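Just below is one structure, and these are the notes that go with it.
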Amino acid sequence: MKNFLERRNKIRRIVKSQKLDALLVTNPLNVRYLTGFSGTASSLLVKPDGDILLSDPRFTIQIEEECPDLDAVIRPRSESTSKTLAKLLGSPSGAKGQKHSPTAGKLGIEADSVTIGQQERLFQHIPHWQSVPTKNVVEELRQIKDKDEIAKIRRAVGIAGQAFQYVRENLQPSLSEIDICIMLEHKMRLLGAEEKSFPSIIAAGPRAALPHANPTPQILKNQSHLLFDWGAVIEGYMSDLTRVLILSPNKKLQKVYETVLQAQAAAIAAIKPGMICEEIDAIARNIIADAGFGKHFGHGLGHGIGLRVHEEPRFAPSDKTELKAGMILTVEPGIYLKGWGGVRIEDDVLVTKTGCEVLSRDVPKAFDDMCSML
């Protein structure tokens, strides 16, 4: 509970610095980050004198369980969210029909979360309030993970790693990509994951050239390698890993694999506070380019993870974010060759005060360790 109050107090200071009189948080992940409420159909009104969580009768008990110390307003089913918010916000003193209402002011709106229609409906009821679009007010705080968040992501990484090891031990040539996907995701649930971070990517042989391949009935027999991209969720926090099992070693596969691994290792070694995201991306990208595969690495090196599997900041050519202790990002270089296949290696990395920690370091990735003869 203390963490959530501290986060809301930080937001309150930001709201004050931006000369806003209140902030309406409507992004469900931002609401969860600030309150602990994991349900949907909710919004949080942050004001100088306190916070109010607004929801509907479906979540009354859940709010009592998850947010016992937070003021909550449960709107009647017959009343729209806009009307309930209007009552909470009020209108200027002395306005027609209002005997005791606060002075209106500037209301911050999450620009990436509220539709034009939702905003129009709200301000029909509070015409004396000024709408002020805001960008990434909460998201910027979410970039720096506290100890509790780091612990949850660490657990999510651990479960993902255990599930992967289980699948390795149970591979058979007759299994299809779909079979393996089901086995992997089922094992993560059995180990305690709430759900998968995203639809797992399982791609064998030439299909590994598709960075976001969907699992198919294709079986493992006669395939050279098998790409896994998967993750587990613990209390809303996600992991995101990629490994490639070597089913039939050959020189070309080893060259591509070792190039990707070298690029990843160099990038991770450079991660520390003060480095710029695009600088880390360039380290890996240059190694892959020097090996002759530059045009076959078509995505960013990595991204932040947390309550979403893709968060800011990003290891990408255009991202000038300075790394800070507490950020957690993926590092996932790849090489994709049409008609042959692809290799991507991905780890989740915590930026520390003096450098970084690879949270997924216990999941093997050396070429010899990944050879899994069927």
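Quick note on naming: the chains in the structure tokens go A, B, ... in the order shown, residues restart at 1 in each chain, and ligands are numbered from 1 in order of appearance.
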
### Task
Go through stretch 188-344 of chain A and collect every residue that DSSP, computed from the backbone, puts in strand (DSSP E or B); the answer should be as number ranges by chain.
A: 195-196, 201-204, 219, 225-230, 232-234, 237-238, 241-246, 276, 302-304, 311-315, 322, 328-331, 334-337, 341-344

For the contact check between stretch 237-263 of chain A and stretch 200-210 of chain A, emit one row per residue of stretch 237-263 of chain A within 12 Å, containing the shortest atom pair and the distance in Å rounded to one decimal, counting only C-alpha atoms, chain then rising number order, as a Markdown table.
```
| residue | atom | partner | partner_atom | distance |
| --- | --- | --- | --- | --- |
| A:Ser239 | CA | A:Ser200 | CA | 11.9 |
| A:Asp240 | CA | A:Ser200 | CA | 9.8 |
| A:Leu241 | CA | A:Ser200 | CA | 10.1 |
| A:Thr242 | CA | A:Ile201 | CA | 8.9 |
| A:Arg243 | CA | A:Ile202 | CA | 10.1 |
| A:Val244 | CA | A:Ala208 | CA | 9.2 |
| A:Leu245 | CA | A:Ala204 | CA | 9.3 |
| A:Ile246 | CA | A:Gly205 | CA | 9.8 |
| A:Leu247 | CA | A:Gly205 | CA | 9.3 |
| A:Ser248 | CA | A:Gly205 | CA | 10.0 |
| A:Pro249 | CA | A:Gly205 | CA | 11.8 |
| A:Leu253 | CA | A:Gly205 | CA | 10.5 |
```

File dump, residues just selected, N, CA and C atoms, as a compact mmCIF listing (two decimals), in the first residue's frame:
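Dumped everything to again11.txt:
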```
# COMPACT_ATOMS: atom_id res chain seq x y z
N SER A 239 7.70 -10.97 -18.22
CA SER A 239 9.04 -11.30 -18.72
C SER A 239 8.94 -11.51 -20.22
N ASP A 240 10.09 -11.49 -20.88
CA ASP A 240 10.13 -11.61 -22.35
C ASP A 240 11.49 -12.17 -22.73
N LEU A 241 11.53 -13.42 -23.18
CA LEU A 241 12.80 -14.09 -23.49
C LEU A 241 12.74 -14.70 -24.89
N THR A 242 13.90 -14.87 -25.50
CA THR A 242 14.00 -15.59 -26.76
C THR A 242 15.23 -16.49 -26.72
N ARG A 243 15.03 -17.73 -27.15
CA ARG A 243 16.13 -18.68 -27.28
C ARG A 243 15.94 -19.47 -28.57
N VAL A 244 17.05 -20.02 -29.08
CA VAL A 244 17.02 -20.85 -30.28
C VAL A 244 17.66 -22.20 -29.95
N LEU A 245 16.90 -23.25 -30.07
CA LEU A 245 17.44 -24.59 -29.91
C LEU A 245 18.04 -25.06 -31.23
N ILE A 246 19.23 -25.64 -31.16
CA ILE A 246 19.91 -26.13 -32.33
C ILE A 246 19.59 -27.62 -32.48
N LEU A 247 18.80 -27.97 -33.48
CA LEU A 247 18.36 -29.35 -33.67
C LEU A 247 19.29 -30.13 -34.59
N SER A 248 19.93 -29.42 -35.52
CA SER A 248 20.87 -30.05 -36.46
C SER A 248 21.98 -29.05 -36.78
N PRO A 249 23.09 -29.08 -36.02
CA PRO A 249 24.15 -28.07 -36.17
C PRO A 249 24.78 -28.08 -37.56
N LEU A 253 24.62 -22.07 -39.55
CA LEU A 253 23.81 -21.81 -38.37
C LEU A 253 24.68 -21.36 -37.21
```

### Task
Would you list, as number ranges by chain, the residues of stretch 159-360 of chain A that end up in alpha helix (DSSP H) under DSSP run on this structure's backbone?
A: 159-169, 177-190, 251-270, 277-290

### Message
Give me the residues near A:Val343 as a ChimeraX atom specification, where near means some atom within 8 Å (using only C-alpha atoms) and where sequence neighbours in that chain fewer than 5 positions away do not count.
### Response
/A:208-209,227,244,256-257,260,334-336

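Between atom CA of A:Pro217 and atom CA of A:Phe164 the interatomic distance comes to 19.6 Å.
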
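Distance annotation: of A:Ile288, A:Leu374, A:Cys277, A:Val137, the residue with the minimal separation from A:Ser17 is A:Val137; atom set is only C-alpha atoms.
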
### Message
For stretch 318-324 of chain A, find every residue with an atom within 10 Å (counting only C-alpha atoms), except residues of its own chain fewer than 2 positions away, and show them as a ChimeraX atom specification.
### Response
/A:143-144,271-281,300,312-316,326-329,350-353,355

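Of the listed residues (A:Gln119, A:Ile14, A:Asp347, A:Arg361), A:Ile14 comes nearest to A:Asn136; the distances count only C-alpha atoms.
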
### Query
When distances are computed from only C-alpha atoms, which of A:Ala267, A:Leu359, A:Met183, A:Leu141 shows the smallest separation from A:Leu171?
A:Met183

### Query
Which residues come within 9 Å of A:Ile287, counting only C-alpha atoms, excluding same-chain residues fewer than 2 positions away, as number ranges by chain?
A: 259-260, 262-263, 266, 282-285, 289-294

### Task
Considering only C-alpha atoms, return as a list of chain:residue names whatever protein or nucleic-acid residues lie within 12 Å of A:Asn3, sequence-local ones (same chain, fewer than 4 positions apart) excluded.
A:Arg7, A:Arg8, A:Asn9, A:Lys10, A:Arg32, A:Tyr33, A:Leu34, A:Thr35, A:Gly36, A:Lys145, A:Asp146, A:Lys147, A:Asp148, A:Glu149

Since we have the selection now, will you write its residues out, keeping N, CA, C and O atoms, as a PDB file, in the first residue's frame?
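For reference, out-v7.pdb as written:
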```
ATOM      1  N   ARG A   7       3.750   6.544  -5.138  1.00  0.00           N
ATOM      2  CA  ARG A   7       3.626   6.809  -6.573  1.00  0.00           C
ATOM      3  C   ARG A   7       2.611   7.917  -6.836  1.00  0.00           C
ATOM      4  O   ARG A   7       2.850   8.806  -7.666  1.00  0.00           O
ATOM      5  N   ARG A   8       1.487   7.880  -6.122  1.00  0.00           N
ATOM      6  CA  ARG A   8       0.477   8.920  -6.328  1.00  0.00           C
ATOM      7  C   ARG A   8       0.986  10.274  -5.851  1.00  0.00           C
ATOM      8  O   ARG A   8       0.670  11.314  -6.458  1.00  0.00           O
ATOM      9  N   ASN A   9       1.779  10.276  -4.799  1.00  0.00           N
ATOM     10  CA  ASN A   9       2.356  11.548  -4.323  1.00  0.00           C
ATOM     11  C   ASN A   9       3.315  12.124  -5.371  1.00  0.00           C
ATOM     12  O   ASN A   9       3.372  13.346  -5.560  1.00  0.00           O
ATOM     13  N   LYS A  10       4.060  11.249  -6.046  1.00  0.00           N
ATOM     14  CA  LYS A  10       4.938  11.718  -7.121  1.00  0.00           C
ATOM     15  C   LYS A  10       4.123  12.337  -8.248  1.00  0.00           C
ATOM     16  O   LYS A  10       4.478  13.388  -8.794  1.00  0.00           O
ATOM     17  N   ARG A  32      -3.650   0.783 -12.380  1.00  0.00           N
ATOM     18  CA  ARG A  32      -3.102  -0.319 -11.576  1.00  0.00           C
ATOM     19  C   ARG A  32      -1.783   0.079 -10.930  1.00  0.00           C
ATOM     20  O   ARG A  32      -1.536  -0.222  -9.751  1.00  0.00           O
ATOM     21  N   TYR A  33      -0.928   0.738 -11.679  1.00  0.00           N
ATOM     22  CA  TYR A  33       0.373   1.168 -11.154  1.00  0.00           C
ATOM     23  C   TYR A  33       0.220   2.096  -9.960  1.00  0.00           C
ATOM     24  O   TYR A  33       0.997   2.040  -9.010  1.00  0.00           O
ATOM     25  N   LEU A  34      -0.788   2.936 -10.001  1.00  0.00           N
ATOM     26  CA  LEU A  34      -0.963   3.946  -8.953  1.00  0.00           C
ATOM     27  C   LEU A  34      -1.827   3.479  -7.791  1.00  0.00           C
ATOM     28  O   LEU A  34      -1.796   4.097  -6.715  1.00  0.00           O
ATOM     29  N   THR A  35      -2.605   2.417  -7.978  1.00  0.00           N
ATOM     30  CA  THR A  35      -3.551   2.011  -6.937  1.00  0.00           C
ATOM     31  C   THR A  35      -3.463   0.546  -6.523  1.00  0.00           C
ATOM     32  O   THR A  35      -3.855   0.195  -5.413  1.00  0.00           O
ATOM     33  N   GLY A  36      -3.017  -0.317  -7.426  1.00  0.00           N
ATOM     34  CA  GLY A  36      -3.038  -1.745  -7.164  1.00  0.00           C
ATOM     35  C   GLY A  36      -4.303  -2.413  -7.661  1.00  0.00           C
ATOM     36  O   GLY A  36      -4.431  -3.637  -7.599  1.00  0.00           O
ATOM     37  N   LYS A 145      11.721   0.974 -12.130  1.00  0.00           N
ATOM     38  CA  LYS A 145      11.056  -0.016 -11.302  1.00  0.00           C
ATOM     39  C   LYS A 145      11.565   0.046  -9.862  1.00  0.00           C
ATOM     40  O   LYS A 145      12.766   0.211  -9.625  1.00  0.00           O
ATOM     41  N   ASP A 146      10.632  -0.093  -8.911  1.00  0.00           N
ATOM     42  CA  ASP A 146      11.043  -0.161  -7.511  1.00  0.00           C
ATOM     43  C   ASP A 146      11.325  -1.619  -7.142  1.00  0.00           C
ATOM     44  O   ASP A 146      11.197  -2.533  -7.967  1.00  0.00           O
ATOM     45  N   LYS A 147      11.706  -1.856  -5.886  1.00  0.00           N
ATOM     46  CA  LYS A 147      12.109  -3.207  -5.467  1.00  0.00           C
ATOM     47  C   LYS A 147      10.985  -4.217  -5.654  1.00  0.00           C
ATOM     48  O   LYS A 147      11.230  -5.369  -6.041  1.00  0.00           O
ATOM     49  N   ASP A 148       9.761  -3.811  -5.376  1.00  0.00           N
ATOM     50  CA  ASP A 148       8.624  -4.708  -5.509  1.00  0.00           C
ATOM     51  C   ASP A 148       8.407  -5.104  -6.973  1.00  0.00           C
ATOM     52  O   ASP A 148       8.175  -6.282  -7.289  1.00  0.00           O
ATOM     53  N   GLU A 149       8.513  -4.142  -7.862  1.00  0.00           N
ATOM     54  CA  GLU A 149       8.334  -4.427  -9.292  1.00  0.00           C
ATOM     55  C   GLU A 149       9.454  -5.330  -9.814  1.00  0.00           C
ATOM     56  O   GLU A 149       9.205  -6.267 -10.584  1.00  0.00           O
TER      57      GLU A 149
END
```

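Here atom CA of A:Arg155 is placed at a distance of 6.9 Å from atom CA of A:Ile234.
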
Rows by chain and residue number, stretch 214-326 of chain A within 8 Å of stretch 185-194 of chain A, shortest pair, only C-alpha atoms, as a tab-separated table:
```
residue	atom	partner	partner_atom	distance
A:Ala232	CA	A:Ala193	CA	5.7
A:Val233	CA	A:Ala193	CA	5.4
A:Ile234	CA	A:Ala193	CA	5.6
A:Glu235	CA	A:Glu194	CA	7.1
A:Gly236	CA	A:Glu194	CA	7.9
```

Got time to write the residues from that selection, all heavy atoms, as a PDB file, in the first residue's frame?
```pdb
ATOM      1  N   ALA A 232       6.204 -14.924 -19.130  1.00  0.00           N
ATOM      2  CA  ALA A 232       5.205 -15.205 -18.093  1.00  0.00           C
ATOM      3  C   ALA A 232       4.818 -13.909 -17.389  1.00  0.00           C
ATOM      4  O   ALA A 232       5.581 -12.934 -17.393  1.00  0.00           O
ATOM      5  CB  ALA A 232       5.755 -16.204 -17.081  1.00  0.00           C
ATOM      6  N   VAL A 233       3.640 -13.914 -16.770  1.00  0.00           N
ATOM      7  CA  VAL A 233       3.137 -12.751 -16.040  1.00  0.00           C
ATOM      8  C   VAL A 233       2.953 -13.109 -14.568  1.00  0.00           C
ATOM      9  O   VAL A 233       2.317 -14.117 -14.246  1.00  0.00           O
ATOM     10  CB  VAL A 233       1.794 -12.260 -16.619  1.00  0.00           C
ATOM     11  CG1 VAL A 233       1.294 -11.031 -15.853  1.00  0.00           C
ATOM     12  CG2 VAL A 233       1.930 -11.933 -18.098  1.00  0.00           C
ATOM     13  N   ILE A 234       3.499 -12.271 -13.698  1.00  0.00           N
ATOM     14  CA  ILE A 234       3.328 -12.409 -12.254  1.00  0.00           C
ATOM     15  C   ILE A 234       2.788 -11.093 -11.704  1.00  0.00           C
ATOM     16  O   ILE A 234       3.445 -10.056 -11.810  1.00  0.00           O
ATOM     17  CB  ILE A 234       4.655 -12.756 -11.547  1.00  0.00           C
ATOM     18  CG1 ILE A 234       5.102 -14.164 -11.932  1.00  0.00           C
ATOM     19  CG2 ILE A 234       4.517 -12.643 -10.033  1.00  0.00           C
ATOM     20  CD1 ILE A 234       4.203 -15.275 -11.422  1.00  0.00           C
ATOM     21  N   GLU A 235       1.581 -11.130 -11.146  1.00  0.00           N
ATOM     22  CA  GLU A 235       0.934  -9.940 -10.574  1.00  0.00           C
ATOM     23  C   GLU A 235       0.992  -8.759 -11.548  1.00  0.00           C
ATOM     24  O   GLU A 235       1.261  -7.628 -11.162  1.00  0.00           O
ATOM     25  CB  GLU A 235       1.560  -9.579  -9.231  1.00  0.00           C
ATOM     26  CG  GLU A 235       1.355 -10.642  -8.151  1.00  0.00           C
ATOM     27  CD  GLU A 235       1.894 -10.231  -6.806  1.00  0.00           C
ATOM     28  OE1 GLU A 235       1.580  -9.108  -6.360  1.00  0.00           O
ATOM     29  OE2 GLU A 235       2.638 -11.026  -6.210  1.00  0.00           O
ATOM     30  N   GLY A 236       0.753  -9.068 -12.807  1.00  0.00           N
ATOM     31  CA  GLY A 236       0.695  -8.031 -13.835  1.00  0.00           C
ATOM     32  C   GLY A 236       2.022  -7.724 -14.499  1.00  0.00           C
ATOM     33  O   GLY A 236       2.047  -7.081 -15.558  1.00  0.00           O
TER      34      GLY A 236
END
```

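Ranking A:Asp179, A:Ser78, A:Leu85, A:Phe228 by their shortest atom-to-atom distance to A:Gln165, with only C-alpha atoms included, puts A:Phe228 first.
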
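If only C-alpha atoms are the atoms counted, then among A:Ser197, A:Ser55, A:Ser174, A:Gln254 the closest residue to A:Lys221 is A:Ser174.
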
#### Entry: Exercise: stretch 65-74 of chain A partners within 8 Å, only C-alpha atoms, chain neighbours under 6 positions left out, as a ChimeraX atom specification
/A:1,35-38,51-57
